[in-house]
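Structure, as structure tokens:
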Amino acid sequence: MGIREDLRNVAIIAHVDHGKTTLVDQLLRQSGIFRANEAVAERVMDSGDLERERGITILSKNTAVKFGDTKINIVDTPGHADFGGEVERVLMMVDGVLLLVDAFEGCMPQTRFVLKKALGLGKKPLVVLNKIDRPGARPAEVVDEVLDLFIELGASDDQLDFPVAYCSAREGSATLDPNMPGTDMKPLFEMILKEVPAPRGDLEGPTQVLFSNIDYDEYVGRIGIGRVERGEIRVGQQVAICGGGGEGHKNAKISKLYQFEGLKRVEAESAKLGDIIAVSGITDLNIGETACSPDNIEPLPFVKIDEPTVSMLFKVNDSPFAGREGKFVTSRNLRDRLFKEVETNVAMRVEETDSMDTFKVSGRGELHLSILIEQMRRQGYEFQVSPPTVIYKEKDGKRLEPMELLMIETPDSYVGAVMEKIGSRKAELVNMGSRETGITHMEFRIPARGLMGYRSEFLTDTNGNGIMNHVFDGYEPYKGDIAQRQQGSIIAFETGESTAYGLFNTQDRGRLFIGPGVEVYEGMIVGASPKAEDLVVNVCKKKHATNTRSSASDEALRLTPHSVLSLEQCLEFISEDEYVEVTPKSVRMRKAVLSHEQRMKQQSRKKSS
């Protein structure tokens, strides 16, 4: 057995927004990776447009820093439970985890989800309390909360004896004593070297590399990212690719090998036990496969990825405005793009349906799917999606449904409104406590379908002061029917352009989603009605001019400002007979059956049957 003392592999896990990516920034800066005069973007690890806009990490990223003679490979992981498929794979590559917790907010649901995975895989945890300079920080209490969480998740005695560092990632300082302010990140570097186990294994044995991630590059194609589990790997070496659930093996040649330095991939000639590497040149490499010596074929076991819980239908756009704004509009474009996504996004599934232009896409949650929709939209795709539905399972003749653990923090005055709404969605209260700051913290178990469409109601009920987070919590027997949305849709009666006069006559009947001068078509949803029934209105109506009145008096009409819905809000709003039409320029909602006459016929058929 050999030990690589000059190397440490560590993953950073944290709840979304607790400063994980900012901390990595500081570790990179202080290890001298950047030149003194180099301009570096804030949160340099979040490289995708969507990640920067939303301030969340979607894909795990690899980076490496040097401290003295030791190389530290750092993997930044997503905090959202919807990207759990990423997290589980990443943990296979590391020996320890930095658990980053906000010294004010304490433990949050996503922390719990990722930590449970890390402890289950036997990784060594190090706790880092961030934002200790924040007003209201309560480091001592939060350390107790972390300890309670470890006990609750069944940590071993060794894992319970975790070291703690206190940081301000924004200031770039760390200390091991909360009463002694730090000056730089050195104490954290030293803690990583001391506490994270060095990679151990057979340095001389036959090659074995486990691939946990796939990246894609327009020029070199697929890039496998993995860790050398045994022996050494070299450029030009012949290997056998096996495992990952497939039978048999295929031969391949390592044409290029990269190691991580700072944020860059640097070409290398070889890599040995413990190194995290990227390999290009293996065309059909899949996540979970092992590269071995051809004369010693031994696939490594791979972590089982949790199943998807939510599915949606992706369809070719067939609205009257189809093909106007998108670049990729055919079923073939849609099919190719969705199947390409599954190659790198292992927690997602794509299935073909009876219809040639409809695909069923399943993922870990609404966010997981809406991020894909937004990415495709920005890449020039045009399509329609159905409302998200949960995926049920059958076991022993019983119907099981996915459950979520929901955590809510809200000012005390809104607790009643929240409890009333969430109770009608079949939620059970598991835990409740209040903070000195007048905030109540509540934990519920709720069916995943009970959460659909709840976020916008929650923000209204708490006047935007509440925080909600949820994480998948297993399957349970079906909890009974949940009343769906109380509102109906306001639907355009004809194709044309909306006018101020038409909208003025409609605005008393509900909340509008469009303003004047917007092109609409028959069957398009232009607003929400407070009653449960749908309303059909003419928003294109013009005022007729007479000899006593000019049509210019339209200008005097006072219109209530309309609501502009985001993609997520549209997905939450639509009901089962409606679609969201997504193009690079617009997001519209519509009825599945556009003709008012045909909808009426369908309804009368339903009633008579």
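The way I read the labels, and the way they are meant: chains A, B, ... in the order of the structure tokens, residue 1 as the first residue of every chain, and ligand 1 as the first ligand shown, with later ones counted on from there.
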
Q. Any idea what's packed within 12 Å of segment 182-194 of chain A, counting only C-alpha atoms, ignoring anything in its chain fewer than 6 positions away? Could you give it as a PyMOL selection string?
A. chain A and resi 4-12+23-31+65-74+95-99+124-130+132-133+162-176

Q: Can you pull out every residue within 10 Å of segment 485-497 of chain A, counting only C-alpha atoms, but drop anything in the same chain fewer than 3 positions away, and send it as an NGL selection string?
A: :A and (320 or 452-454 or 482 or 502 or 506 or 509-513 or 516-541 or 572-575 or 578 or 589-591 or 594-596)

Save out the residues we just selected, C-alpha atoms, as an mmCIF file, in the first residue's frame.
data_model
loop_
_atom_site.group_PDB
_atom_site.id
_atom_site.type_symbol
_atom_site.label_atom_id
_atom_site.label_comp_id
_atom_site.auth_asym_id
_atom_site.auth_seq_id
_atom_site.Cartn_x
_atom_site.Cartn_y
_atom_site.Cartn_z
ATOM 1 C CA PRO A 320 -49.865 29.856 -34.706
ATOM 2 C CA MET A 452 -46.090 22.386 -7.213
ATOM 3 C CA GLY A 453 -47.276 25.926 -7.710
ATOM 4 C CA TYR A 454 -46.824 26.733 -4.019
ATOM 5 C CA ILE A 482 -54.892 17.698 -3.258
ATOM 6 C CA GLY A 502 -59.550 45.713 -24.978
ATOM 7 C CA THR A 506 -60.727 42.989 -19.246
ATOM 8 C CA ARG A 509 -62.049 40.462 -14.434
ATOM 9 C CA GLY A 510 -58.639 39.309 -13.188
ATOM 10 C CA ARG A 511 -54.862 39.788 -13.293
ATOM 11 C CA LEU A 512 -53.358 40.431 -16.738
ATOM 12 C CA PHE A 513 -50.052 38.999 -18.009
ATOM 13 C CA PRO A 516 -51.055 46.733 -25.062
ATOM 14 C CA GLY A 517 -49.403 46.176 -28.461
ATOM 15 C CA VAL A 518 -48.637 42.470 -27.871
ATOM 16 C CA GLU A 519 -49.360 39.910 -30.584
ATOM 17 C CA VAL A 520 -51.748 37.227 -29.320
ATOM 18 C CA TYR A 521 -53.504 34.229 -30.867
ATOM 19 C CA GLU A 522 -56.771 32.440 -30.168
ATOM 20 C CA GLY A 523 -56.351 30.133 -27.159
ATOM 21 C CA MET A 524 -53.340 32.015 -25.717
ATOM 22 C CA ILE A 525 -53.490 32.689 -21.952
ATOM 23 C CA VAL A 526 -53.335 36.433 -21.267
ATOM 24 C CA GLY A 527 -54.234 36.536 -17.568
ATOM 25 C CA ALA A 528 -55.504 34.781 -14.416
ATOM 26 C CA SER A 529 -59.125 34.849 -13.332
ATOM 27 C CA PRO A 530 -59.943 34.820 -9.592
ATOM 28 C CA LYS A 531 -62.722 32.258 -10.233
ATOM 29 C CA ALA A 532 -62.006 28.617 -10.985
ATOM 30 C CA GLU A 533 -63.553 28.788 -14.487
ATOM 31 C CA ASP A 534 -61.711 29.956 -17.601
ATOM 32 C CA LEU A 535 -62.798 33.233 -19.207
ATOM 33 C CA VAL A 536 -62.571 33.972 -22.928
ATOM 34 C CA VAL A 537 -62.065 37.691 -23.655
ATOM 35 C CA ASN A 538 -61.354 39.910 -26.627
ATOM 36 C CA VAL A 539 -58.181 41.850 -25.791
ATOM 37 C CA CYS A 540 -57.825 43.034 -29.405
ATOM 38 C CA LYS A 541 -61.103 44.960 -29.350
ATOM 39 C CA GLU A 572 -46.310 26.666 -11.786
ATOM 40 C CA PHE A 573 -49.371 28.433 -13.200
ATOM 41 C CA ILE A 574 -50.454 26.145 -16.040
ATOM 42 C CA SER A 575 -52.920 23.309 -15.464
ATOM 43 C CA GLU A 578 -52.292 23.890 -20.952
ATOM 44 C CA MET A 589 -48.870 30.141 -22.071
ATOM 45 C CA ARG A 590 -51.656 28.561 -24.133
ATOM 46 C CA LYS A 591 -54.470 26.034 -24.049
ATOM 47 C CA LEU A 594 -56.734 26.494 -29.077
ATOM 48 C CA SER A 595 -60.255 26.687 -30.531
ATOM 49 C CA HIS A 596 -62.884 27.865 -28.040
#

Q) Within 8 Å of Val209 of chain A, counting only C-alpha atoms, which residues qualify if same-chain residues fewer than 5 places away don't, as a list in words? A)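 The residues satisfying every condition are Gly226, Arg227, Val228, Glu229, Arg230, Thr290, Ala291 and Cys292 of chain A.
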
Q: Write out as a list in words the residues lying within 6 Å of segment 330-345 of chain A, counting only C-alpha atoms and excluding same-chain residues fewer than 6 positions away.
A: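 Contacts, with the query itself left out: Ile214, Val316 and Asp357 of chain A.
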
Q: Determine, counting only C-alpha atoms, which protein, DNA and RNA residues have an atom within 10 Å of an atom of segment 360-362 of chain A; residues of the same chain fewer than 5 positions away are not included. Present the result as a PyMOL selection string.
A: chain A and resi 307-315+338-339+342+347-353+368-369+385-386+388-391

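The residues of segment 507-571 of chain A that DSSP assigns to strand (DSSP E) on this backbone come out as A:Arg511, A:Leu512, A:Glu519, A:Val520, A:Met524, A:Ile525, A:Val526, A:Gly527, A:Ala528, A:Ser529, A:Leu535, A:Val536, A:Val537.
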
Taking all heavy atoms for each residue, export the selection above as a compact mmCIF listing (two decimals), in the first residue's frame.
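Full text of out05.txt as output:
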# COMPACT_ATOMS: atom_id res chain seq x y z
N ARG A 511 -56.22 39.23 -13.20
CA ARG A 511 -54.86 39.79 -13.29
C ARG A 511 -54.33 39.53 -14.70
O ARG A 511 -54.36 38.39 -15.18
CB ARG A 511 -54.01 39.04 -12.26
CG ARG A 511 -52.56 39.43 -12.20
CD ARG A 511 -51.93 38.84 -10.95
NE ARG A 511 -51.94 37.39 -10.93
CZ ARG A 511 -50.84 36.63 -10.94
NH1 ARG A 511 -49.65 37.18 -10.98
NH2 ARG A 511 -50.92 35.32 -10.90
N LEU A 512 -53.84 40.58 -15.36
CA LEU A 512 -53.36 40.43 -16.74
C LEU A 512 -51.86 40.12 -16.79
O LEU A 512 -51.10 40.55 -15.94
CB LEU A 512 -53.63 41.72 -17.52
CG LEU A 512 -55.10 42.00 -17.83
CD1 LEU A 512 -55.25 43.38 -18.45
CD2 LEU A 512 -55.66 40.94 -18.78
N GLU A 519 -48.68 40.83 -29.67
CA GLU A 519 -49.36 39.91 -30.58
C GLU A 519 -49.90 38.72 -29.80
O GLU A 519 -49.17 38.12 -29.00
CB GLU A 519 -48.36 39.41 -31.63
CG GLU A 519 -48.07 40.43 -32.71
CD GLU A 519 -47.35 39.76 -33.87
OE1 GLU A 519 -46.12 39.68 -33.82
OE2 GLU A 519 -48.04 39.30 -34.81
N VAL A 520 -51.16 38.38 -30.01
CA VAL A 520 -51.75 37.23 -29.32
C VAL A 520 -52.43 36.34 -30.36
O VAL A 520 -52.65 36.76 -31.49
CB VAL A 520 -52.79 37.66 -28.25
CG1 VAL A 520 -52.17 38.50 -27.17
CG2 VAL A 520 -53.97 38.41 -28.89
N MET A 524 -54.51 31.63 -26.53
CA MET A 524 -53.34 32.02 -25.72
C MET A 524 -53.83 32.55 -24.37
O MET A 524 -54.86 33.22 -24.28
CB MET A 524 -52.56 33.10 -26.46
CG MET A 524 -51.30 33.55 -25.77
SD MET A 524 -50.32 34.57 -26.91
CE MET A 524 -49.67 35.79 -25.78
N ILE A 525 -53.09 32.24 -23.30
CA ILE A 525 -53.49 32.69 -21.95
C ILE A 525 -52.91 34.08 -21.72
O ILE A 525 -51.69 34.28 -21.82
CB ILE A 525 -52.98 31.70 -20.89
CG1 ILE A 525 -53.64 30.33 -21.10
CG2 ILE A 525 -53.25 32.21 -19.48
CD1 ILE A 525 -53.06 29.21 -20.29
N VAL A 526 -53.80 35.05 -21.42
CA VAL A 526 -53.33 36.43 -21.27
C VAL A 526 -53.51 36.94 -19.83
O VAL A 526 -53.15 38.07 -19.52
CB VAL A 526 -54.07 37.39 -22.24
CG1 VAL A 526 -53.71 37.06 -23.68
CG2 VAL A 526 -55.58 37.34 -22.05
N GLY A 527 -54.05 36.08 -18.95
CA GLY A 527 -54.23 36.54 -17.57
C GLY A 527 -54.77 35.42 -16.69
O GLY A 527 -55.00 34.30 -17.15
N ALA A 528 -54.97 35.75 -15.38
CA ALA A 528 -55.50 34.78 -14.42
C ALA A 528 -56.81 35.31 -13.86
O ALA A 528 -56.89 36.48 -13.47
CB ALA A 528 -54.50 34.57 -13.29
N SER A 529 -57.82 34.45 -13.85
CA SER A 529 -59.13 34.85 -13.33
C SER A 529 -59.25 34.41 -11.88
O SER A 529 -58.80 33.32 -11.53
CB SER A 529 -60.19 34.17 -14.19
OG SER A 529 -61.33 33.89 -13.43
N LEU A 535 -62.04 32.15 -18.56
CA LEU A 535 -62.80 33.23 -19.21
C LEU A 535 -62.21 33.47 -20.59
O LEU A 535 -60.99 33.51 -20.74
CB LEU A 535 -62.59 34.54 -18.43
CG LEU A 535 -63.34 34.79 -17.14
CD1 LEU A 535 -62.87 36.10 -16.55
CD2 LEU A 535 -64.83 34.87 -17.43
N VAL A 536 -63.07 33.64 -21.59
CA VAL A 536 -62.57 33.97 -22.93
C VAL A 536 -62.88 35.44 -23.17
O VAL A 536 -64.02 35.87 -23.01
CB VAL A 536 -63.23 33.09 -23.99
CG1 VAL A 536 -62.74 33.46 -25.37
CG2 VAL A 536 -62.91 31.62 -23.72
N VAL A 537 -61.85 36.24 -23.50
CA VAL A 537 -62.06 37.69 -23.66
C VAL A 537 -61.46 38.17 -24.97
O VAL A 537 -60.58 37.52 -25.54
CB VAL A 537 -61.39 38.47 -22.49
CG1 VAL A 537 -62.02 38.12 -21.16
CG2 VAL A 537 -59.89 38.20 -22.46

Q) Do you have the atom CA of Tyr392 of chain A-atom CA of Glu476 of chain A distance handy? A)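 These two atoms are separated by 9.8 Å.
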
Q: Return the single residue from A:Thr460, A:Thr583, A:Ser355, A:Asn465 that is closest to Val329 of chain A, with distances computed using only C-alpha atoms.
A: A:Thr583

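Ranking A:Glu232, A:Gly154, A:Tyr478, A:Asp295 by their shortest atom-to-atom distance to Gly397 of chain A, with only C-alpha atoms included, puts A:Tyr478 first.
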